[in-house]
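Novice: This is the structure I want to talk about, given as structure tokens.
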Amino acid sequence: MRESHSQAEIPLPDTPAEAFTKLLKYIYTGQVTLTNEKEEVLLDFLGLAHKYGFPELEAATSEYLCTTLSIGNVCMVYDVANLYLLSKLSNTCCLYMDRNARAILGSEGFLSLSKTALLKLVSRDSFAAPEKDIFLALMNWCKHNPEEMHEEIMKMVRLPLMSLTELLNVVRPSALLSADTILDAIKIRSESRDMELNYRGILIPDENIASMKHGAQVIGGELKAALLDGDTQNYDLDHGFSRHPIDEDCRSAIEVKLGQASILNQIRMLLWDRDSRSYSYYIEVSMDELDWIRIIDHSKYLCRSWQNLFFSPQVCRYIRIVGTHNTVNKVFHLVSFECMYSSKPFLLDSGLLVPTENVATVSASATVIEGVSRSRNALLNGDTRNYDWDSGYTCHQLGSGAIVIQLAQPFMIDSMRLLLWDCDDRSYSFYIEVSNNQQHWDRVADHTQVTCKSWQTITIKRQPVVFIRIVGTNNTANEVFHCVHFECPAQNHQQIEDSVGGRTSAGK
């Protein structure tokens, strides 16, 4: 506060007058107009908002800049976003540059990037352009910025991705990299499996790229046209699916070729589900159709209907789905296929998804395959209020049968929750078993010697689960075991309010 010490005039060094005038207007009026301003003024204005501590103004200006990005200004905006640690603006710039990588490499703005911003940009797997183009652009940047250490810059080039001709005729004459470095790249290229190379690929978050819009096509399997048409409703025994015969050596497959090398971490696909059949399968990805990496292996599990699959990010061009089992015949049927990069967080354990939301639901393609109910899948419909003596529950005779739920795919499960029929004062005993193939069962909860009423929360050792079998052993009122609701993993609910507050009570 220099003015308090009789200093009437305060110099503000390195402060652009036009941007500062706009800041003064904002300070006095609470409003400012950003449209039709030059990028330089907007970036200066952003810098002043950051410098003088106006976070809301900084955020609003960043939001506006996100809508103005172009090949001509994105590098300049990206530099400023990195300087002020504006993550949202920086990420938006990165996504824009990823989708326009070749044009960015040839722009004037690329040559003016700071070293820090440059290194962050070209180190991204999703900055996907031919490695030769990246090398030439970095070489031009080095010429334009002779004061910088070029060795660190050139280390960003993924030399093993370049052809022998490019290494010898483009890289070697530049004299920016040693002969040993080039020879090492040639050795890595010749000795490594294709999928071990550090490829670049496009990244389009949360959008299905297995579509004609993105140039994808089905190149393996029978009835190819149905798989990527987006129709997940109109299919029956004769049409609306792709298929391949299931053979012992797994030579047959359904194969999808993407429009270009892409970064993926999620696949959604619909197995034919017009009856109660289940399938087993695995999925592999490749860049060249020679070397394949298995990203999903459900060959030891029985799966049905919609498959929502997550895996560590992979750069690939080809995806192969290999069916290994069908409980009805020797053909693998696939109705729909999607792949994408999910920006949502997820947790994997031994390659299987650890769900946080209830996956024992109709919307998640779970189904009740054993048990008696007036309404199919009443156990999984989420209704914990509307049940009485006549409806809203699933049951089985004590000493005979069980209630069995099949999840759509294997999940890593560590808890369950169920609601026992509780419209009077009766109590039950039961046990729970889990399985992946309906052949080998593991008992995970034994409440046969316990008096159980209403809501039951079960905690188990985390393990792969496809089938859950609930077996009642006692009912103090009659010879039938009744269950109203089941979920896994257990969800946090206000149990008493949900189950008692709005239900219909009646004798039974």
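By order in the structure tokens, chains are A, B, ...; within a chain, residues start at 1; ligands start at 1, following the order shown.
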DSSP says strand (DSSP E) for which residues of segment 118-341 of chain A? Put them as an MDAnalysis selection string?

Specialist: chainID A and resid 217:220 242:245 254:271 279:286 293:303 306:326 331:340

Novice: Please identify all polymer residues within 12 Å of segment 180-183 of chain A, counting only C-alpha atoms, omitting same-chain residues fewer than 2 positions from it, and present them as JSON, numbers by chain.

Specialist: {"A": [151, 154, 155, 157, 158, 159, 160, 161, 162, 163, 164, 165, 166, 167, 168, 169, 170, 171, 172, 173, 174, 175, 176, 177, 178, 185, 186, 187, 188, 189, 190]}

Novice: Per residue of segment 332-357 of chain A within 6 Å of segment 239-249 of chain A, which atom pair is closest and at what distance in Å (one decimal), using only C-alpha atoms, listed by chain and increasing number, as CSV?

Specialist:
```
residue,atom,partner,partner_atom,distance
A:Phe332,CA,A:Arg243,CA,5.4
A:His333,CA,A:Arg243,CA,4.5
A:Leu334,CA,A:Ser242,CA,5.2
A:Val335,CA,A:Phe241,CA,4.1
```

Novice: If we count only C-alpha atoms, what is near Asp291 of chain A at a cut-off of 12 Å, once residues fewer than 6 positions away on the same chain are taken out, given as a PyMOL selection string?

Specialist: chain A and resi 192-197+284-285+316-320

Novice: Give me, as a compact mmCIF listing (two decimals) with N, CA, C and O atoms, in the first residue's frame, all polymer residues having an atom no more than 9 Å from segment 409-415 of chain A, counting only C-alpha atoms and skipping those fewer than 2 positions away in the same chain.

Specialist:
```
# COMPACT_ATOMS: atom_id res chain seq x y z
N HIS A 298 -12.54 -63.56 -20.51
CA HIS A 298 -13.71 -64.12 -19.85
C HIS A 298 -13.97 -65.54 -20.34
O HIS A 298 -15.11 -66.00 -20.37
N TYR A 301 -15.55 -67.72 -17.67
CA TYR A 301 -16.77 -67.22 -17.05
C TYR A 301 -17.94 -67.37 -18.01
O TYR A 301 -17.76 -67.40 -19.22
N LEU A 302 -19.14 -67.43 -17.47
CA LEU A 302 -20.36 -67.42 -18.28
C LEU A 302 -20.95 -66.01 -18.24
O LEU A 302 -21.21 -65.47 -17.17
N CYS A 303 -21.13 -65.44 -19.43
CA CYS A 303 -21.55 -64.04 -19.54
C CYS A 303 -22.83 -63.96 -20.39
O CYS A 303 -23.06 -64.79 -21.27
N ARG A 304 -23.60 -62.90 -20.15
CA ARG A 304 -24.84 -62.75 -20.91
C ARG A 304 -25.12 -61.28 -21.19
O ARG A 304 -24.67 -60.39 -20.47
N SER A 305 -25.85 -61.03 -22.27
CA SER A 305 -26.38 -59.72 -22.62
C SER A 305 -25.28 -58.64 -22.70
O SER A 305 -24.21 -58.87 -23.23
N TRP A 306 -25.52 -57.48 -22.11
CA TRP A 306 -24.59 -56.35 -22.23
C TRP A 306 -23.33 -56.58 -21.39
O TRP A 306 -23.41 -56.92 -20.22
N GLN A 307 -22.18 -56.36 -22.03
CA GLN A 307 -20.89 -56.45 -21.37
C GLN A 307 -20.29 -55.04 -21.31
O GLN A 307 -20.10 -54.39 -22.35
N ASN A 308 -20.00 -54.60 -20.10
CA ASN A 308 -19.39 -53.28 -19.90
C ASN A 308 -17.99 -53.50 -19.36
O ASN A 308 -17.79 -53.76 -18.18
N LEU A 309 -16.98 -53.39 -20.24
CA LEU A 309 -15.64 -53.87 -19.95
C LEU A 309 -14.65 -52.71 -19.87
O LEU A 309 -14.66 -51.81 -20.72
N LEU A 348 -9.81 -51.63 -11.23
CA LEU A 348 -9.68 -53.01 -11.68
C LEU A 348 -8.93 -53.82 -10.63
O LEU A 348 -8.04 -53.31 -9.96
N ASP A 349 -9.29 -55.08 -10.52
CA ASP A 349 -8.59 -56.02 -9.65
C ASP A 349 -8.47 -57.33 -10.43
O ASP A 349 -9.48 -57.93 -10.80
N SER A 350 -7.23 -57.72 -10.71
CA SER A 350 -6.98 -58.93 -11.51
C SER A 350 -7.70 -58.88 -12.85
O SER A 350 -8.18 -59.89 -13.36
N LEU A 352 -10.52 -57.47 -13.58
CA LEU A 352 -11.98 -57.38 -13.50
C LEU A 352 -12.39 -56.09 -12.81
O LEU A 352 -11.69 -55.60 -11.91
N LEU A 353 -13.54 -55.57 -13.21
CA LEU A 353 -14.04 -54.32 -12.65
C LEU A 353 -14.51 -54.52 -11.22
O LEU A 353 -15.22 -55.48 -10.91
N VAL A 354 -14.11 -53.59 -10.35
CA VAL A 354 -14.63 -53.53 -8.98
C VAL A 354 -15.74 -52.48 -8.99
O VAL A 354 -15.46 -51.28 -9.01
N PRO A 355 -17.00 -52.90 -9.02
CA PRO A 355 -18.08 -51.92 -9.18
C PRO A 355 -18.35 -51.16 -7.88
O PRO A 355 -18.18 -51.68 -6.78
N VAL A 359 -24.69 -53.81 -9.39
CA VAL A 359 -24.71 -54.44 -10.71
C VAL A 359 -25.73 -55.57 -10.78
O VAL A 359 -25.89 -56.19 -11.84
N SER A 365 -28.31 -55.78 -16.84
CA SER A 365 -28.46 -57.07 -17.51
C SER A 365 -28.33 -58.27 -16.58
O SER A 365 -28.11 -59.39 -17.04
N ALA A 366 -28.46 -58.08 -15.27
CA ALA A 366 -28.54 -59.21 -14.36
C ALA A 366 -29.93 -59.83 -14.46
O ALA A 366 -30.89 -59.18 -14.89
N GLN A 406 -27.92 -64.32 -11.81
CA GLN A 406 -26.77 -64.29 -12.71
C GLN A 406 -26.46 -62.85 -13.07
O GLN A 406 -27.32 -62.13 -13.60
N LEU A 407 -25.25 -62.40 -12.79
CA LEU A 407 -24.79 -61.09 -13.23
C LEU A 407 -24.42 -61.17 -14.71
O LEU A 407 -24.18 -62.25 -15.24
N ARG A 417 -26.24 -57.18 -0.25
CA ARG A 417 -27.30 -56.77 0.67
C ARG A 417 -28.62 -57.35 0.19
O ARG A 417 -28.90 -57.35 -1.02
N ASN A 436 -18.69 -68.91 -10.78
CA ASN A 436 -18.44 -68.25 -12.06
C ASN A 436 -18.98 -69.06 -13.24
O ASN A 436 -19.06 -68.54 -14.35
N THR A 457 -26.82 -57.29 5.48
CA THR A 457 -25.63 -56.85 4.74
C THR A 457 -24.54 -57.90 4.93
O THR A 457 -24.20 -58.25 6.06
N ILE A 458 -24.00 -58.38 3.82
CA ILE A 458 -23.01 -59.45 3.84
C ILE A 458 -21.69 -58.91 3.31
O ILE A 458 -21.63 -58.35 2.21
N THR A 459 -20.63 -59.06 4.08
CA THR A 459 -19.28 -58.68 3.64
C THR A 459 -18.49 -59.95 3.38
O THR A 459 -18.45 -60.85 4.22
N ILE A 460 -17.85 -60.02 2.20
CA ILE A 460 -17.10 -61.21 1.82
C ILE A 460 -15.72 -60.81 1.35
O ILE A 460 -15.43 -59.62 1.10
N LYS A 461 -14.84 -61.79 1.24
CA LYS A 461 -13.53 -61.55 0.65
C LYS A 461 -13.73 -61.23 -0.83
O LYS A 461 -14.47 -61.92 -1.53
N ARG A 462 -13.08 -60.16 -1.29
CA ARG A 462 -13.27 -59.76 -2.68
C ARG A 462 -12.87 -60.89 -3.62
O ARG A 462 -11.78 -61.44 -3.51
N GLN A 463 -13.76 -61.21 -4.56
CA GLN A 463 -13.51 -62.32 -5.48
C GLN A 463 -14.37 -62.16 -6.73
O GLN A 463 -15.38 -61.46 -6.71
N PRO A 464 -14.00 -62.84 -7.82
CA PRO A 464 -14.83 -62.79 -9.03
C PRO A 464 -16.16 -63.49 -8.79
O PRO A 464 -16.21 -64.58 -8.22
N VAL A 465 -17.24 -62.85 -9.23
CA VAL A 465 -18.58 -63.42 -9.03
C VAL A 465 -19.41 -63.23 -10.30
O VAL A 465 -19.44 -62.13 -10.86
N VAL A 466 -20.07 -64.31 -10.73
CA VAL A 466 -21.08 -64.23 -11.79
C VAL A 466 -22.43 -64.69 -11.27
O VAL A 466 -23.45 -64.06 -11.50
N PHE A 467 -22.45 -65.80 -10.55
CA PHE A 467 -23.69 -66.37 -10.03
C PHE A 467 -23.73 -66.26 -8.51
O PHE A 467 -22.72 -66.49 -7.84
N GLU A 487 -28.88 -56.92 -3.84
CA GLU A 487 -27.95 -56.02 -4.54
C GLU A 487 -26.52 -56.40 -4.21
O GLU A 487 -26.23 -56.95 -3.14
N CYS A 488 -25.64 -56.15 -5.15
CA CYS A 488 -24.21 -56.28 -4.91
C CYS A 488 -23.47 -55.33 -5.85
O CYS A 488 -23.85 -55.20 -7.01
N PRO A 489 -22.45 -54.63 -5.37
CA PRO A 489 -22.10 -54.59 -3.95
C PRO A 489 -23.18 -53.87 -3.14
O PRO A 489 -24.04 -53.20 -3.71
N ALA A 490 -23.10 -54.02 -1.81
CA ALA A 490 -24.07 -53.36 -0.94
C ALA A 490 -23.99 -51.85 -1.11
O ALA A 490 -22.91 -51.27 -1.17
N GLN A 491 -25.16 -51.22 -1.21
CA GLN A 491 -25.24 -49.78 -1.37
C GLN A 491 -25.61 -49.12 -0.05
O GLN A 491 -26.23 -49.74 0.83
```
